[in-house]
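Asks: Please see the structure below; I have some questions.
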Amino acid sequence: MKTTARIIDFEDPTFDPFLTFEKAVSSDFSDDPYVKLAAMRSDGSVFPVDYRVLLGSAPDVTLKDLPKFMVLGSSDIQHVFENPAIFSNSIFKRNIGHAFGRTLTVMDAPEHTRYRRLFQTAFRPNVVAKWSDDLVAPVINNLIDNFVGNGRADLVNEFTKYYPFHIIYKQLDLPADDIAIFHKLAVGLTCIIVDVAHGMEASKKLGDYYHLLLEERRDGSGTDLISLLAQAEIDGEKLPAEIVVSFLRQLINAAGDTTFRATSSLFAGLLSNPDQLDAVRNDRSLVAAAIEEALRWEPPVTVGMRMTLSDTTIAGVTIPKNCEVNAMVGAYNRDPARYENPDQYNIFRKPQRHMAFAYGQHVCIGQHLARLEMTRALNALLDRLPNLRLNPDFPAPKVMGVNMRVPREVHVLFDAT
Ligand code: HEM
C-alpha cells in the first residue's frame, strides 16, 4: 500500500539504540543467572532485592524510587500473576509506558479487559494460520536462500535476527525504504529504561508516523494489520487512535525481539544435543516439543514485573503498597520440584506448563503467532539444510543475559545445495 508518511531518524546520527538496549538488558552478561537463583531457593521465596543489581544487570533509572522485591518460588510466582488487583501492571506506566503509550501492558482491568478482547481477535489461532503460507514461509525461505549454497552459516546473525521483524513489516505493510529507520526507532523505545531522552524521541517519531499511516488506512481498502485495526470497533465506536498507535509502538519489540531470542535459543538447545536434533529431523511431530522445551529452558523474558496496589504478604514476607515485585519466570521454568534436571534441554521430558508467555490476564497475546513462526523456521531449516549440525570450529553456543536472554551466535555446517 502506498503511503505519504515518512519516518524520521534520531537527531543524533551516532546514537546506537541496539548497543544501548543490549547493555540495558545485559545480553552481554555471561554469568549464568540461574546458578545464583538456584542457590537462593533454599533460603526462601521472597527477597527484598533488586534482581537487576543481584544478577549484574543495569538498574532501571525510571523505577529507582520504588522498593523492590524478588519472588522465586513457583506457587508464589503464580500467585502474583493470578492476583492483578494487588499486583498491578500500572508499574509499566513508569517505564516503557512512557515510550509505548497506552498499551495493553500498562493497563489493569476493566480497561485492559475491554481492549484486550478486541486485539485478541487479530491474533487468534485461525487468523494467525492464514499468515503462515502467504507471509511467514516466504520471509523464512528468502532468508535461507541467502546462505543455503554456502555450507555454513551463523543462524543468529544471518537468520533469527531478521525473520520475525521482516514478518511484522509485511503484516504492517510498511514501505521498504522506511524499514531500517523504523527498526532503529522501535529498539530506541525500549532504551527508555536507561536513556529517557532517546526513548522519548523514538516514541514521538514513531507516534507521528503511525498516526499518519492510521489515517491513510482508515478507508478500509487494505488488508494489512494497521488497516484491520483502523476498522476495528469497540462498543460500536472505532478503536481510539491513541490505543492503536500505542499497540503498534509496542508490537515490533513484543513480537520481533522476543521471537528472535526464542528461536535463537531453540537452535542453541537443539543443535547442542545431536541425538535430539536427529530425533526431530526424523520425526517432525517432535517439533512442537522442541519449541516448548526451548521456551521452558530459556524463556526470552525472564521476569514479570508488577506493582503492589495494597500491602500484602507472600510466603510470610510483608510487601507494602507501591513496591516493585519481580516474579522470576525464568526461575519458575527451572524449578527442580517441577522439572527433573531443569538446566538440561530435553525435548522428551513430560510436558508441563511453563511461564515463557507469562500467565493470567496479561498472558502473551501473540503466543500462537510465535509458535507458528518458530515451527515454520525450524521445519524450513531441517528441510533445506541437509545434515545440519554445529560448526566445531566455533565455541558452543551460549545463551546470555539477565532480563532478556539470547545466544549471540549459533554457527552451523550443512551440505550445500
Ligand atoms: C517467543 C515469543 C514471545 C514471548 C516469549 C513473549 C512473551 C510475552 C510475555 C512474558 C508477556 C507478558 C508480559 C506481562 O506479564 O506483563 C507478553 C505479552 C504480550 N505479548 Fe508476547 N511474547 C512473544 C511473542 C509475541 C508476539 C509474536 C506478539 C505479537 C502479537 C506478542 C505480543 C504481546 C502483547 C501485545 C502482549 C501484552 C498482552 C497484555 O498485556 O495483555 N508477543 N509476551
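Chain identifiers are assigned as A, B, and so on, following the order in which chains appear in the C-alpha cells; residues are numbered from 1 within each chain, and ligands are numbered from 1 in order of appearance.
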Determine, counting only C-alpha atoms, which protein, DNA and RNA residues have an atom within 9 Å of an atom of Pro84 of chain A; residues of the same chain fewer than 4 positions away are not included. Present the result as a VMD selection string.

Replies: chain A and resid 80 88 to 89 108 to 109 306 360 to 361

Asks: Using N, CA and C atoms, can you write the selected residues to a file as a CSV table (one decimal), in the first residue's frame?

Replies:
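So the final result, stored in part.csv, reads:
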```csv
chain,number,residue,atom,x,y,z
A,80,VAL,N,1.3,-14.2,42.1
A,80,VAL,CA,1.4,-12.8,41.6
A,80,VAL,C,0.6,-12.6,40.4
A,88,SER,N,-0.2,-5.0,40.2
A,88,SER,CA,-0.8,-4.3,39.0
A,88,SER,C,0.3,-4.1,37.9
A,89,ASN,N,-0.2,-4.1,36.7
A,89,ASN,CA,0.6,-3.8,35.5
A,89,ASN,C,0.9,-2.3,35.4
A,108,ASP,N,-4.7,-2.0,33.6
A,108,ASP,CA,-5.4,-3.0,34.5
A,108,ASP,C,-6.8,-3.1,34.1
A,109,ALA,N,-7.5,-4.1,34.6
A,109,ALA,CA,-9.0,-4.3,34.4
A,109,ALA,C,-9.7,-3.0,35.0
A,306,ARG,N,5.5,-6.3,38.4
A,306,ARG,CA,4.2,-5.7,38.8
A,306,ARG,C,4.5,-4.7,39.9
A,360,GLY,N,-2.0,-15.7,33.4
A,360,GLY,CA,-3.1,-14.8,33.8
A,360,GLY,C,-3.6,-13.8,32.8
A,361,GLN,N,-4.1,-12.7,33.2
A,361,GLN,CA,-4.8,-11.8,32.3
A,361,GLN,C,-3.9,-11.2,31.2
```

Asks: Using DSSP on the backbone, list every residue of segment 151-303 of chain A that comes out as helix (DSSP H, G or I), and give them as a PyMOL selection string.

Replies: chain A and resi 155-160+163-172+176-193+196-219+225-231+241-271+274-282+284-297

Asks: Can you write out the residues you just picked, keeping C-alpha atoms, as a tab-separated table (two decimals), in the first residue's frame?

Replies:
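The file below, part.tsv, is the result:
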```tsv
chain	number	residue	atom	x	y	z
A	155	LEU	CA	21.90	-18.85	12.32
A	156	VAL	CA	21.59	-15.88	14.69
A	157	ASN	CA	23.27	-13.19	12.61
A	158	GLU	CA	22.03	-14.47	9.25
A	159	PHE	CA	18.55	-15.67	10.14
A	160	THR	CA	16.86	-15.28	13.55
A	163	TYR	CA	12.92	-13.17	10.29
A	164	PRO	CA	10.39	-12.11	12.96
A	165	PHE	CA	10.97	-8.43	12.15
A	166	HIS	CA	10.53	-8.98	8.42
A	167	ILE	CA	7.25	-10.75	9.17
A	168	ILE	CA	5.97	-7.74	11.11
A	169	TYR	CA	6.99	-5.28	8.38
A	170	LYS	CA	4.89	-7.35	5.99
A	171	GLN	CA	1.99	-7.58	8.44
A	172	LEU	CA	2.03	-3.79	8.75
A	176	ALA	CA	10.60	-0.96	2.25
A	177	ASP	CA	12.58	2.33	2.28
A	178	ASP	CA	11.44	3.13	5.84
A	179	ILE	CA	12.31	-0.17	7.45
A	180	ALA	CA	15.88	0.43	8.66
A	181	ILE	CA	15.00	3.67	10.46
A	182	PHE	CA	11.77	2.16	11.68
A	183	HIS	CA	13.62	-0.73	13.32
A	184	LYS	CA	16.14	1.65	14.91
A	185	LEU	CA	13.39	3.78	16.44
A	186	ALA	CA	11.49	0.72	17.65
A	187	VAL	CA	14.53	-0.54	19.55
A	188	GLY	CA	15.12	3.06	20.71
A	189	LEU	CA	11.75	2.94	22.52
A	190	THR	CA	12.98	0.25	24.89
A	191	CYS	CA	16.14	2.22	25.69
A	192	ILE	CA	13.92	4.40	27.89
A	193	ILE	CA	14.84	2.27	30.93
A	196	VAL	CA	14.90	8.57	28.79
A	197	ALA	CA	15.67	11.28	26.20
A	198	HIS	CA	16.26	8.90	23.29
A	199	GLY	CA	13.34	6.68	24.35
A	200	MET	CA	11.01	9.69	24.21
A	201	GLU	CA	12.42	10.89	20.90
A	202	ALA	CA	11.70	7.47	19.39
A	203	SER	CA	8.20	7.49	20.90
A	204	LYS	CA	7.34	10.86	19.31
A	205	LYS	CA	8.73	9.98	15.90
A	206	LEU	CA	7.08	6.55	15.67
A	207	GLY	CA	3.85	8.00	17.08
A	208	ASP	CA	3.71	10.75	14.42
A	209	TYR	CA	4.41	8.18	11.69
A	210	TYR	CA	1.81	5.67	12.88
A	211	HIS	CA	-0.86	8.38	13.29
A	212	LEU	CA	-0.37	9.29	9.62
A	213	LEU	CA	-0.45	5.65	8.46
A	214	LEU	CA	-3.57	5.02	10.51
A	215	GLU	CA	-5.38	8.00	8.98
A	216	GLU	CA	-4.42	6.86	5.48
A	217	ARG	CA	-5.69	3.34	6.15
A	218	ARG	CA	-8.99	4.30	7.76
A	219	ASP	CA	-10.70	3.97	4.35
A	225	LEU	CA	-2.80	-5.24	10.29
A	226	ILE	CA	-2.92	-1.42	10.53
A	227	SER	CA	-5.93	-1.34	8.16
A	228	LEU	CA	-7.64	-4.05	10.23
A	229	LEU	CA	-7.05	-2.15	13.47
A	230	ALA	CA	-8.15	1.10	11.80
A	231	GLN	CA	-11.50	-0.55	11.08
A	241	ALA	CA	-6.09	6.32	17.52
A	242	GLU	CA	-4.01	6.64	20.70
A	243	ILE	CA	-4.71	3.00	21.61
A	244	VAL	CA	-3.90	1.66	18.12
A	245	VAL	CA	-0.72	3.73	17.84
A	246	SER	CA	0.48	2.60	21.28
A	247	PHE	CA	-0.18	-1.04	20.37
A	248	LEU	CA	1.78	-0.64	17.14
A	249	ARG	CA	4.67	1.02	19.01
A	250	GLN	CA	4.87	-2.00	21.30
A	251	LEU	CA	4.42	-4.64	18.60
A	252	ILE	CA	7.84	-4.57	17.00
A	253	ASN	CA	9.52	-5.28	20.33
A	254	ALA	CA	6.83	-7.53	21.82
A	255	ALA	CA	6.66	-9.68	18.69
A	256	GLY	CA	10.03	-9.26	17.00
A	257	ASP	CA	12.63	-9.13	19.73
A	258	THR	CA	11.08	-11.95	21.78
A	259	THR	CA	10.69	-14.33	18.82
A	260	PHE	CA	14.25	-13.57	17.69
A	261	ARG	CA	15.52	-14.57	21.14
A	262	ALA	CA	13.26	-17.62	21.48
A	263	THR	CA	14.21	-19.04	18.07
A	264	SER	CA	17.92	-18.42	18.66
A	265	SER	CA	17.76	-20.29	21.97
A	266	LEU	CA	15.78	-23.09	20.30
A	267	PHE	CA	18.60	-23.58	17.80
A	268	ALA	CA	21.22	-23.38	20.56
A	269	GLY	CA	19.42	-26.03	22.65
A	270	LEU	CA	18.55	-28.42	19.85
A	271	LEU	CA	21.84	-28.28	17.94
A	274	PRO	CA	22.65	-34.01	18.37
A	275	ASP	CA	20.56	-37.03	19.46
A	276	GLN	CA	17.55	-34.82	19.98
A	277	LEU	CA	18.26	-32.97	16.73
A	278	ASP	CA	18.28	-36.29	14.85
A	279	ALA	CA	15.06	-37.37	16.52
A	280	VAL	CA	13.30	-34.15	15.45
A	281	ARG	CA	14.81	-34.28	11.96
A	282	ASN	CA	13.37	-37.78	11.50
A	284	ARG	CA	8.59	-33.78	12.74
A	285	SER	CA	5.80	-34.43	15.20
A	286	LEU	CA	8.53	-33.66	17.78
A	287	VAL	CA	8.94	-30.05	16.54
A	288	ALA	CA	6.27	-28.79	18.96
A	289	ALA	CA	8.06	-30.44	21.92
A	290	ALA	CA	11.40	-28.97	20.80
A	291	ILE	CA	9.85	-25.48	20.80
A	292	GLU	CA	8.05	-25.80	24.14
A	293	GLU	CA	11.22	-27.15	25.76
A	294	ALA	CA	13.23	-24.23	24.37
A	295	LEU	CA	10.67	-21.79	25.79
A	296	ARG	CA	10.88	-23.54	29.16
A	297	TRP	CA	14.65	-23.87	29.21
```

Asks: My list of candidates is A:Ser74, A:Thr302, A:Thr223, A:Asn387. Which is closest to ligand 1 when distances are computed with only C-alpha atoms and all ligand atoms?

Replies: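 Ranking A:Ser74, A:Thr302, A:Thr223, A:Asn387 by distance to ligand 1, first place goes to A:Thr302.
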
Asks: Tell me which of A:Gly97, A:Gly56, A:Pro67, A:Pro138 sits closest to ligand 1, counting only C-alpha atoms and all ligand atoms.

Replies: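 Using only C-alpha atoms and all ligand atoms, the shortest distance to ligand 1 belongs to A:Gly97.
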
Asks: In Å to one decimal, how far is atom CA of Thr103 of chain A from atom 5 (C, counted along the ligand's line) of ligand 1?

Replies: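 So the two atoms, atom 5 (C, counted along the ligand's line) of ligand 1 and atom CA of Thr103 of chain A, lie 17.4 Å apart.
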
Asks: Using only C-alpha atoms, find the one residue out of A:Val399, A:Leu390, A:Ala122, A:Met305 that sits nearest to Ile365 of chain A.

Replies: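 Of A:Val399, A:Leu390, A:Ala122, A:Met305, the one nearest Ile365 of chain A, counting only C-alpha atoms, is A:Ala122.
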
Asks: I'd like to know which of A:Asp393, A:Asp383, A:Glu373, A:Asp50 is closest to ligand 1, using only C-alpha atoms and all ligand atoms.

Replies: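 Among the listed residues, the smallest separation from ligand 1 belongs to A:Glu373.
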